[in-house]
Amino acid sequence: MFSNALHDPPPLTIRDVTAPLPIIQGGMGIGVSMSRLASAVARSGGIGVLAAVMIGMSEPDFRKDPKGSTFRALARHIKLAKEAAPNGIIGVNIMVALQDYDELVRIAATSGADLIISGAGLPLKLPGLVPEGCNTKLVPIVSSGRAAQVICRRWGEHFSYPPDAIVVEGPLAGGHLGFKKEDLVLPENSIENLVTEVIEAVRPFEAKYNRRIPVIAAGGIYTGEDIYRFIKMGAAGVQMGTRFVATHECDASDRFKQAYVNAGKDDTEIIVSPVGMPGRALKGAFIEKAKRGEKRPHVCVNKCIKTCNYKTTPYCISMALINAQRGNIDAGFVFCGANVWRVNKIVSVQELMDELVDGYRVAACTDKSAAV
């Protein structure tokens, strides 16, 4: 699988770590990508990613101590993932919008995470939060070339540290999106345009620091042919979320995964999340009740997101996502990417990776424009 054949996908190198395959599994909260999924992806040659948000949801004391249980579970799941994939690469996705962002970054780095991938806001102070002596690579998520420039410039001025890689996420991604709702359909915001834009934006900083800043394409990428297309455009790799939900190793419940399999082409919608950002989700009874004003949280237990005020929000997003992850779909909702309707079965992570590699090879072999 990891041969050096002419038409094989290239490895993905992020500073001093190299994954045999240029595939990052997207970090999916709440409880969708934990140690079981991340380690399976890492063993199969990609980069496996835990989602830090509410990772303590299965801890016995979560209700009494959501913060402490989340801190403890994050360290434990990093350890479990690295033990299960001793030669693999394990990352952690930590949203800037989280109340405990600073502490979660510290725990991820000191627990041995190979990467921290950070979005849902600009991670302008991220390098300053990593304790000295940690070798964790830092990868911001952006949705424009301008955002990439701002981060590169700010990190350079304050920390003399360029990003180790940059994920650029387009409007076809699942979950919270880095665009205004009305901007999701603009042609200039297609992932193809954004990848080119970000690659150009980081060039001066690559020259300044004399090292490559790999650009990773994300949002709506589904097949090996898609991976080939973005590699050919100049991306170093891709990040994929939706495909990895429909795997046996995904940490979500079977009912959650089956919702992906059952989804049709018209079964997704853009919702206005309680945290103030648009998000892509599967249509369902819970969302309809929220639209009618029938949902209303009585208290905030978790205090997870900085921008969420339970007194004015239509529902508690963390509890809605926890319910869905556990299979109680009617009491929550399911985030998904735009291509969820293409999912028709649940497979193993290894089967998925083999399919993606085969698709890449077919695209490379049949590309008449490629240099020989």
# chains A, B, ... in the order shown; residues from 1 in each chain; ligands from 1
>>> closest_atom_pairs(of="region 136-211 of chain A", to="region 234-238 of chain A", cutoff="10 Å", atoms="only C-alpha atoms", output="CSV")
residue,atom,partner,partner_atom,distance
A:Ala165,CA,A:Ala236,CA,9.1
A:Ile166,CA,A:Ala236,CA,9.8
A:Val167,CA,A:Val238,CA,8.2
A:Val168,CA,A:Val238,CA,9.3
A:Glu169,CA,A:Val238,CA,9.8
A:Val195,CA,A:Ala235,CA,7.0
A:Thr196,CA,A:Gly234,CA,7.7
A:Val198,CA,A:Ala235,CA,9.6
A:Ile199,CA,A:Gly234,CA,7.5
>>> write_last_selection(atoms="C-alpha atoms", output="PDB file, in the first residue's frame")
ATOM      1  CA  ALA A 165       0.981  23.765   8.063  1.00  0.00           C
ATOM      2  CA  ILE A 166      -2.326  25.465   7.267  1.00  0.00           C
ATOM      3  CA  VAL A 167      -5.713  23.832   6.710  1.00  0.00           C
ATOM      4  CA  VAL A 168      -7.954  25.845   4.370  1.00  0.00           C
ATOM      5  CA  GLU A 169     -11.579  24.843   4.800  1.00  0.00           C
ATOM      6  CA  VAL A 195      -6.529  26.613  -1.920  1.00  0.00           C
ATOM      7  CA  THR A 196      -4.825  28.618  -4.663  1.00  0.00           C
ATOM      8  CA  VAL A 198      -3.787  30.416   0.502  1.00  0.00           C
ATOM      9  CA  ILE A 199      -0.850  28.833  -1.333  1.00  0.00           C
TER      10      ILE A 199
END
>>> residues_around(residues="Trp155 (chain A)", least_positions_apart="4", cutoff="10 Å", atoms="only C-alpha atoms", output="list in words")
Pro123, Leu124, Lys125, Leu126, Pro127, Gly128, Gln149, Val150, Ile151, Phe159, Ser160, Tyr161, Pro162 and Pro163 of chain A
>>> atom_distance(atom1="CA of Gly170 (chain A)", atom2="CA of Ala338 (chain A)")
10.7 Å
>>> select_by_dssp(residues="region 172-292 of chain A", states="strand (DSSP E)", output="list in words")
Gly175, His176, Val215, Ile216, Ala217, Ala218, Gly237, Val238, Gln239, Met240, Thr268, Glu269, Ile270, Ile271, Val272, Pro278, Gly279, Arg280, Ala281 and Leu282 of chain A
>>> atom_distance(atom1="CA of Gly220 (chain A)", atom2="CA of Asp254 (chain A)")
22.8 Å
>>> residues_around(residues="region 9-22 of chain A", least_positions_apart="6", cutoff="8 Å", atoms="only C-alpha atoms", output="PyMOL selection string")
chain A and resi 2+45-47+88-89+137+164-165+213-214+228+236-238+357+360-361
>>> closest_residue(among="A:Asn339, A:Gln25, A:Asn93, A:Ser369", to="Asp266 (chain A)", atoms="only C-alpha atoms")
A:Asn339
>>> residues_around(residues="Gly264 (chain A)", least_positions_apart="5", cutoff="12 Å", atoms="only C-alpha atoms", output="list in words")
Ala259, Glu269, Leu282, Lys283, Ala338, Asn339, Val340, Trp341, Arg342, Val343 and Asn344 of chain A
>>> select_by_dssp(residues="region 75-170 of chain A", states="helix (DSSP H, G or I)", output="JSON, numbers by chain")
{"A": [75, 76, 77, 78, 79, 80, 81, 82, 83, 84, 101, 102, 103, 104, 105, 106, 107, 108, 109, 110, 126, 127, 128, 129, 145, 146, 147, 148, 149, 150, 151, 152, 153, 154, 155, 156, 157, 158, 159]}
>>> closest_residue(among="A:Ser318, A:Gly175, A:Met233, A:Ile216", to="Asn193 (chain A)", atoms="only C-alpha atoms")
A:Met233
